[in-house]
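Shown below: run36.csv, with CSV, C-alpha atoms.
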chain,number,residue,atom,x,y,z
A,1,SER,CA,5.6,-3.4,13.0
A,2,ALA,CA,4.7,-6.6,11.2
A,3,VAL,CA,6.8,-8.9,8.9
A,4,ILE,CA,4.8,-10.5,6.1
A,5,SER,CA,5.8,-13.3,3.8
A,6,GLN,CA,4.0,-14.5,0.7
A,7,LYS,CA,4.2,-17.7,-1.3
A,8,PRO,CA,4.8,-18.2,-4.1
A,9,SER,CA,6.9,-15.1,-4.9
A,10,ARG,CA,6.0,-15.6,-8.6
A,11,ASP,CA,4.3,-18.1,-10.9
A,12,ILE,CA,3.4,-18.6,-14.5
A,13,CYS,CA,0.1,-20.3,-14.9
A,14,GLN,CA,-2.1,-21.4,-17.8
A,15,ARG,CA,-5.5,-19.8,-18.4
A,16,GLY,CA,-8.4,-21.6,-16.9
A,17,THR,CA,-6.4,-22.8,-13.9
A,18,SER,CA,-6.4,-21.5,-10.3
A,19,LEU,CA,-3.6,-20.3,-8.0
A,20,THR,CA,-3.7,-20.0,-4.3
A,21,ILE,CA,-1.4,-17.3,-2.7
A,22,GLN,CA,-0.5,-17.7,0.9
A,23,CYS,CA,0.2,-14.8,3.3
A,24,GLN,CA,1.9,-15.4,6.7
A,25,VAL,CA,2.4,-12.7,9.3
A,26,ASP,CA,4.8,-12.9,12.2
A,27,SER,CA,2.3,-11.5,14.7
A,28,GLN,CA,-1.4,-11.7,15.3
A,29,VAL,CA,-3.4,-9.1,13.4
A,30,THR,CA,-7.1,-8.5,13.1
A,31,MET,CA,-7.3,-6.8,9.7
A,32,MET,CA,-5.8,-8.2,6.6
A,33,PHE,CA,-6.1,-6.9,3.1
A,34,TRP,CA,-5.5,-8.1,-0.4
A,35,TYR,CA,-4.4,-5.8,-3.2
A,36,ARG,CA,-3.8,-6.2,-6.9
A,37,GLN,CA,-1.3,-4.2,-8.9
A,38,GLN,CA,-1.7,-4.6,-12.6
A,39,PRO,CA,1.4,-3.8,-14.8
A,40,GLY,CA,2.4,-0.2,-14.7
A,41,GLN,CA,-0.6,0.7,-12.4
A,42,SER,CA,-1.1,1.6,-8.8
A,43,LEU,CA,-2.5,-0.8,-6.1
A,44,THR,CA,-6.2,-1.6,-6.0
A,45,LEU,CA,-7.9,-3.1,-3.0
A,46,ILE,CA,-9.5,-6.5,-3.7
A,47,ALA,CA,-10.9,-7.3,-0.2
A,48,THR,CA,-10.7,-7.0,3.5
A,49,ALA,CA,-10.4,-10.2,5.5
A,50,ASN,CA,-11.2,-10.4,9.3
A,51,GLN,CA,-10.5,-13.6,11.1
A,52,GLY,CA,-13.8,-15.5,11.8
A,53,SER,CA,-15.9,-13.7,9.2
A,54,GLU,CA,-16.3,-13.6,5.5
A,55,ALA,CA,-14.2,-11.3,3.5
A,56,THR,CA,-15.6,-8.0,2.3
A,57,TYR,CA,-15.0,-7.4,-1.4
A,58,GLU,CA,-14.6,-4.1,-3.2
A,59,SER,CA,-16.6,-3.1,-6.2
A,60,GLY,CA,-15.5,-5.1,-9.2
A,61,PHE,CA,-14.2,-8.1,-7.3
A,62,VAL,CA,-16.3,-11.1,-6.4
A,63,ILE,CA,-15.9,-14.1,-4.1
A,64,ASP,CA,-16.2,-16.7,-6.9
A,65,LYS,CA,-13.3,-15.2,-8.7
A,66,PHE,CA,-11.1,-14.4,-5.6
A,67,PRO,CA,-12.1,-16.6,-2.7
A,68,ILE,CA,-10.3,-15.7,0.5
A,69,SER,CA,-9.7,-17.8,3.6
A,70,ARG,CA,-8.7,-16.4,7.0
A,71,PRO,CA,-8.4,-19.4,9.3
A,72,ASN,CA,-6.4,-17.6,12.1
A,73,LEU,CA,-4.9,-14.3,13.1
A,74,THR,CA,-1.6,-14.9,11.3
A,75,PHE,CA,-2.5,-16.4,8.0
A,76,SER,CA,-4.7,-15.9,4.9
A,77,THR,CA,-5.0,-17.2,1.4
A,78,LEU,CA,-6.2,-15.6,-1.8
A,79,THR,CA,-7.2,-17.8,-4.7
A,80,VAL,CA,-7.3,-16.5,-8.2
A,81,SER,CA,-9.8,-18.7,-10.0
A,82,ASN,CA,-10.3,-19.6,-13.6
A,83,MET,CA,-7.4,-17.3,-14.6
A,84,SER,CA,-7.1,-15.3,-17.8
A,85,PRO,CA,-4.2,-13.2,-19.1
A,86,GLU,CA,-6.0,-10.1,-17.6
A,87,ASP,CA,-5.3,-11.5,-14.2
A,88,SER,CA,-1.6,-11.1,-14.7
A,89,SER,CA,-0.6,-8.8,-11.8
A,90,ILE,CA,1.2,-8.5,-8.6
A,91,TYR,CA,-1.0,-9.6,-5.7
A,92,LEU,CA,-0.1,-8.1,-2.3
A,93,CYS,CA,-1.1,-9.0,1.2
A,94,SER,CA,-1.3,-6.2,3.7
A,95,VAL,CA,-2.0,-6.1,7.5
A,96,GLU,CA,-2.9,-3.4,9.9
A,97,ALA,CA,-0.9,-3.1,13.1
A,98,GLY,CA,-0.9,-0.6,15.8
A,99,THR,CA,-2.4,0.1,19.2
A,100,SER,CA,-5.5,2.1,19.8
A,101,GLY,CA,-4.8,5.4,21.3
A,102,THR,CA,-1.1,5.3,20.8
A,103,ALA,CA,0.6,4.4,17.5
A,104,PRO,CA,-1.4,5.0,14.4
A,105,TYR,CA,-3.0,2.1,12.6
A,106,GLU,CA,-0.4,1.6,9.9
A,107,GLN,CA,-0.5,-0.9,7.1
A,108,TYR,CA,2.4,-3.1,6.3
A,109,PHE,CA,2.8,-5.0,3.0
A,110,GLY,CA,4.2,-8.3,1.9
A,111,PRO,CA,6.6,-8.6,-1.0
A,112,GLY,CA,3.9,-9.5,-3.4
A,113,THR,CA,3.3,-12.5,-5.7
A,114,ARG,CA,4.0,-11.8,-9.4
A,115,LEU,CA,1.5,-13.8,-11.4
A,116,THR,CA,1.7,-14.3,-15.2
A,117,VAL,CA,-1.1,-16.0,-17.0
A,118,THR,CA,-0.5,-17.4,-20.4
B,1,ASP,CA,-11.1,7.2,-5.5
B,2,ALA,CA,-7.9,8.7,-4.2
B,3,LYS,CA,-8.3,12.1,-2.6
B,4,THR,CA,-4.9,13.4,-3.5
B,5,THR,CA,-3.1,14.9,-6.5
B,6,GLN,CA,0.6,14.4,-7.1
B,7,PRO,CA,2.9,15.1,-10.0
B,8,THR,CA,3.5,12.1,-12.2
B,9,SER,CA,7.3,12.2,-12.0
B,10,MET,CA,10.2,14.1,-10.6
B,11,ASP,CA,14.0,14.0,-10.9
B,12,CYS,CA,16.4,14.8,-8.1
B,13,ALA,CA,20.2,14.9,-8.0
B,14,GLU,CA,21.9,12.5,-5.6
B,15,GLY,CA,22.7,14.2,-2.3
B,16,ARG,CA,20.2,17.0,-2.8
B,17,ALA,CA,16.9,17.3,-1.1
B,18,ALA,CA,13.9,15.8,-2.8
B,19,ASN,CA,10.7,17.7,-2.2
B,20,LEU,CA,7.6,15.9,-3.2
B,21,PRO,CA,4.3,17.9,-3.2
B,22,CYS,CA,0.8,16.6,-2.7
B,23,ASN,CA,-2.6,18.4,-2.9
B,24,HIS,CA,-5.4,17.2,-0.7
B,25,SER,CA,-7.8,20.1,-0.8
B,26,THR,CA,-10.8,18.0,0.3
B,27,ILE,CA,-9.2,16.6,3.4
B,28,SER,CA,-11.5,16.4,6.4
B,29,GLY,CA,-10.7,17.3,10.0
B,30,ASN,CA,-10.1,13.6,11.2
B,31,GLU,CA,-8.0,12.6,8.2
B,32,TYR,CA,-4.3,12.1,8.4
B,33,VAL,CA,-1.8,12.5,5.6
B,34,TYR,CA,0.3,9.3,5.0
B,35,TRP,CA,3.2,8.8,2.8
B,36,TYR,CA,4.3,5.4,1.4
B,37,ARG,CA,6.8,4.5,-1.2
B,38,GLN,CA,7.2,1.5,-3.5
B,39,ILE,CA,10.6,0.5,-4.7
B,40,HIS,CA,10.6,-1.5,-7.8
B,41,SER,CA,9.3,-5.1,-7.3
B,42,GLN,CA,8.7,-4.6,-3.6
B,43,GLY,CA,5.6,-4.0,-1.5
B,44,PRO,CA,4.8,-0.4,-0.4
B,45,GLN,CA,6.8,0.9,2.6
B,46,TYR,CA,5.5,3.3,5.2
B,47,ILE,CA,7.4,6.5,5.5
B,48,ILE,CA,5.7,9.0,7.7
B,49,HIS,CA,2.3,10.4,8.6
B,50,GLY,CA,0.9,13.7,10.1
B,51,LEU,CA,-2.3,15.4,11.0
B,52,LYS,CA,-1.5,19.2,11.1
B,53,ASN,CA,1.9,19.6,12.6
B,54,ASN,CA,5.2,19.1,10.7
B,55,GLU,CA,6.7,15.7,11.4
B,56,THR,CA,10.2,14.3,11.1
B,57,ASN,CA,11.6,10.8,11.4
B,58,GLU,CA,14.7,9.0,10.3
B,59,MET,CA,13.5,8.7,6.8
B,60,ALA,CA,11.9,12.0,5.9
B,61,SER,CA,10.1,15.2,7.0
B,62,LEU,CA,6.5,16.1,6.3
B,63,ILE,CA,5.5,19.7,6.0
B,64,ILE,CA,1.7,20.3,6.1
B,65,THR,CA,0.3,23.7,5.2
B,66,GLU,CA,-1.7,25.6,7.8
B,67,ASP,CA,-5.0,25.0,5.9
B,68,ARG,CA,-4.0,21.3,5.5
B,69,LYS,CA,-4.9,21.4,1.8
B,70,SER,CA,-1.4,20.4,0.7
B,71,SER,CA,1.8,18.9,2.0
B,72,THR,CA,5.4,18.2,1.0
B,73,LEU,CA,7.5,15.2,1.7
B,74,ILE,CA,11.2,16.0,2.1
B,75,LEU,CA,14.0,13.5,1.7
B,76,PRO,CA,16.8,15.7,2.9
B,77,HIS,CA,19.7,13.9,1.2
B,78,ALA,CA,18.4,11.7,-1.6
B,79,THR,CA,20.3,8.6,-2.6
B,80,LEU,CA,20.0,6.3,-5.5
B,81,ARG,CA,18.1,3.9,-3.2
B,82,ASP,CA,15.4,6.4,-2.8
B,83,THR,CA,14.3,6.0,-6.5
B,84,ALA,CA,10.7,4.8,-6.1
B,85,VAL,CA,7.1,5.7,-6.6
B,86,TYR,CA,5.9,7.8,-3.7
B,87,TYR,CA,2.2,7.8,-2.6
B,88,CYS,CA,0.5,10.5,-0.7
B,89,ILE,CA,-2.7,9.1,1.0
B,90,VAL,CA,-5.3,10.7,3.3
B,91,ARG,CA,-7.1,8.4,5.6
B,92,THR,CA,-8.6,8.3,9.1
B,93,ARG,CA,-6.6,6.8,11.9
B,94,ASN,CA,-9.3,4.4,13.0
B,95,SER,CA,-8.7,0.7,12.7
B,96,GLY,CA,-10.0,-1.3,9.8
B,97,ASN,CA,-12.5,1.2,8.5
B,98,THR,CA,-10.3,2.9,5.9
B,99,PRO,CA,-7.7,0.6,4.2
B,100,LEU,CA,-5.2,2.6,2.2
B,101,VAL,CA,-6.5,3.8,-1.2
B,102,PHE,CA,-3.6,4.4,-3.6
B,103,GLY,CA,-3.5,7.0,-6.3
B,104,LYS,CA,-1.0,7.1,-9.1
B,105,GLY,CA,1.8,8.5,-7.0
B,106,THR,CA,5.0,10.3,-8.0
B,107,ARG,CA,7.8,8.4,-9.7
B,108,LEU,CA,11.0,9.9,-8.2
B,109,SER,CA,14.2,9.2,-10.0
B,110,VAL,CA,17.4,10.1,-8.1
B,111,ILE,CA,20.2,10.7,-10.6
B,112,ALA,CA,23.9,10.3,-9.9

Encoded form (structure tokens):
Amino acid sequence: SAVISQKPSRDICQRGTSLTIQCQVDSQVTMMFWYRQQPGQSLTLIATANQGSEATYESGFVIDKFPISRPNLTFSTLTVSNMSPEDSSIYLCSVEAGTSGTAPYEQYFGPGTRLTVT
Amino acid sequence: DAKTTQPTSMDCAEGRAANLPCNHSTISGNEYVYWYRQIHSQGPQYIIHGLKNNETNEMASLIITEDRKSSTLILPHATLRDTAVYYCIVRTRNSGNTPLVFGKGTRLSVIA
């Protein structure tokens, strides 16, 4: 398994500003994912981040709005840029852990960062 | 898009078994059925997964029909702490190619 922490746990930000969310994992992982969960909705994948390469973004999400860094195998950041009230959501970091041929590739999730934009 | 269909909500009496259905009629041969749950204000938590055989672990049992087009997650003795949104997801087992895609899930309310 993997234990994931996120900082900050919550924040209230003004529109037009940016917030960087940190994700720390207790073990080295190759695949990391960032999800968004809007109020009352399910989770939506923003991007997949491999260490040493640029993140791959899902349809509807762009790097200018959600730049991601992945400097090593235990850490990643997601920045929400030029925020508007529509960006108010929970942002979740997720990692994939498992061993090829044995345990399945399971995903584990951090506790989330609750962002409110005013 | 999610490949599964689940009821929007269900109630269950505390101490009784909770049976959560899921339809996945377009599942392909190399896709597994995964179940996760999300307790309020927390990140999703893995529960169980299966391919074609029934599976059981310390949290739940998973019953998959012979044609694999549907499955049922069983919480044998539901407690108030099991109140959560339960997500049924189909995905391949390979690394990194198929991150979890969440549908709307079933909101389970366990009632005292």

Taking only C-alpha atoms into account and nothing else, which residues of chain B lie no more than 12 Å away from chain A? Please answer as a PyMOL selection string. chain B and resi 1-2+8+31-51+85-87+89+91-107

Next, the residues of the selection above should be written as a PDB file, in the frame of the given file with C-alpha atoms.
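Saved as result_9.pdb:
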ATOM      1  CA  ASP B   1     -11.100   7.200  -5.500  1.00  0.00           C
ATOM      2  CA  ALA B   2      -7.900   8.700  -4.200  1.00  0.00           C
ATOM      3  CA  THR B   8       3.500  12.100 -12.200  1.00  0.00           C
ATOM      4  CA  GLU B  31      -8.000  12.600   8.200  1.00  0.00           C
ATOM      5  CA  TYR B  32      -4.300  12.100   8.400  1.00  0.00           C
ATOM      6  CA  VAL B  33      -1.800  12.500   5.600  1.00  0.00           C
ATOM      7  CA  TYR B  34       0.300   9.300   5.000  1.00  0.00           C
ATOM      8  CA  TRP B  35       3.200   8.800   2.800  1.00  0.00           C
ATOM      9  CA  TYR B  36       4.300   5.400   1.400  1.00  0.00           C
ATOM     10  CA  ARG B  37       6.800   4.500  -1.200  1.00  0.00           C
ATOM     11  CA  GLN B  38       7.200   1.500  -3.500  1.00  0.00           C
ATOM     12  CA  ILE B  39      10.600   0.500  -4.700  1.00  0.00           C
ATOM     13  CA  HIS B  40      10.600  -1.500  -7.800  1.00  0.00           C
ATOM     14  CA  SER B  41       9.300  -5.100  -7.300  1.00  0.00           C
ATOM     15  CA  GLN B  42       8.700  -4.600  -3.600  1.00  0.00           C
ATOM     16  CA  GLY B  43       5.600  -4.000  -1.500  1.00  0.00           C
ATOM     17  CA  PRO B  44       4.800  -0.400  -0.400  1.00  0.00           C
ATOM     18  CA  GLN B  45       6.800   0.900   2.600  1.00  0.00           C
ATOM     19  CA  TYR B  46       5.500   3.300   5.200  1.00  0.00           C
ATOM     20  CA  ILE B  47       7.400   6.500   5.500  1.00  0.00           C
ATOM     21  CA  ILE B  48       5.700   9.000   7.700  1.00  0.00           C
ATOM     22  CA  HIS B  49       2.300  10.400   8.600  1.00  0.00           C
ATOM     23  CA  GLY B  50       0.900  13.700  10.100  1.00  0.00           C
ATOM     24  CA  LEU B  51      -2.300  15.400  11.000  1.00  0.00           C
ATOM     25  CA  VAL B  85       7.100   5.700  -6.600  1.00  0.00           C
ATOM     26  CA  TYR B  86       5.900   7.800  -3.700  1.00  0.00           C
ATOM     27  CA  TYR B  87       2.200   7.800  -2.600  1.00  0.00           C
ATOM     28  CA  ILE B  89      -2.700   9.100   1.000  1.00  0.00           C
ATOM     29  CA  ARG B  91      -7.100   8.400   5.600  1.00  0.00           C
ATOM     30  CA  THR B  92      -8.600   8.300   9.100  1.00  0.00           C
ATOM     31  CA  ARG B  93      -6.600   6.800  11.900  1.00  0.00           C
ATOM     32  CA  ASN B  94      -9.300   4.400  13.000  1.00  0.00           C
ATOM     33  CA  SER B  95      -8.700   0.700  12.700  1.00  0.00           C
ATOM     34  CA  GLY B  96     -10.000  -1.300   9.800  1.00  0.00           C
ATOM     35  CA  ASN B  97     -12.500   1.200   8.500  1.00  0.00           C
ATOM     36  CA  THR B  98     -10.300   2.900   5.900  1.00  0.00           C
ATOM     37  CA  PRO B  99      -7.700   0.600   4.200  1.00  0.00           C
ATOM     38  CA  LEU B 100      -5.200   2.600   2.200  1.00  0.00           C
ATOM     39  CA  VAL B 101      -6.500   3.800  -1.200  1.00  0.00           C
ATOM     40  CA  PHE B 102      -3.600   4.400  -3.600  1.00  0.00           C
ATOM     41  CA  GLY B 103      -3.500   7.000  -6.300  1.00  0.00           C
ATOM     42  CA  LYS B 104      -1.000   7.100  -9.100  1.00  0.00           C
ATOM     43  CA  GLY B 105       1.800   8.500  -7.000  1.00  0.00           C
ATOM     44  CA  THR B 106       5.000  10.300  -8.000  1.00  0.00           C
ATOM     45  CA  ARG B 107       7.800   8.400  -9.700  1.00  0.00           C
TER      46      ARG B 107
END

Long-range neighbours of Thr83 (chain B) as a compact mmCIF listing (two decimals) with C-alpha atoms, in the frame of the given file, 7 Å cut-off, all atoms listed in the file, 3 positions minimum in chain:
# COMPACT_ATOMS: atom_id res chain seq x y z
CA ILE B 39 10.60 0.50 -4.70
CA LEU B 80 20.00 6.30 -5.50
CA LEU B 108 11.00 9.90 -8.20
CA SER B 109 14.20 9.20 -10.00
CA VAL B 110 17.40 10.10 -8.10

Please identify all polymer residues lying at most 12 Å from the point (-7.2, -14.5, -14.0) (file coordinates), using all atoms listed in the file, and present the result as a VMD selection string. chain A and resid 12 to 20 36 38 61 64 to 66 79 to 91 115 to 118

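From CA of Pro39 (chain A) back to CA of Gln24 (chain A), the distance works out to 24.4 Å.
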
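Distance-wise, CA of Pro21 (chain B) and CA of Ser70 (chain B) end up 7.3 Å apart.
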
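Distances to Ser76 (chain A) were evaluated for A:Ser53, A:Ser59, A:Gln22, A:Gln37 using only C-alpha atoms, and the minimum falls at A:Gln22.
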
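You will find CA of Gln51 (chain A) at 6.0 Å from CA of Leu73 (chain A).
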
Could you check the closest approach to Ile63 (chain B) for each of B:Asp82, B:Asn19, B:Ser25, B:His77 and tell me which residue wins, using only C-alpha atoms? B:Asn19

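Minimum atom-to-atom distance to Asn72 (chain A), evaluated using all atoms listed in the file, belongs to A:Cys23 out of A:Trp34, A:Gly60, A:Cys23, A:Ile46.
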
Taking 2 positions as the minimum chain separation for residues in the same chain, which residues sit within 8 Å of region 59-61 of chain B when counting all atoms listed in the file? Answer as an MDAnalysis selection string. chainID B and resid 47:48 54:57 63 73:76

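Non-sequential neighbours of Arg16 (chain B) (distance at most 7 Å, separation of 2 or more positions within a chain, all atoms listed in the file) are Cys12, Ala13, Glu14, Ala18, Pro76, His77 and Ala78 of chain B.
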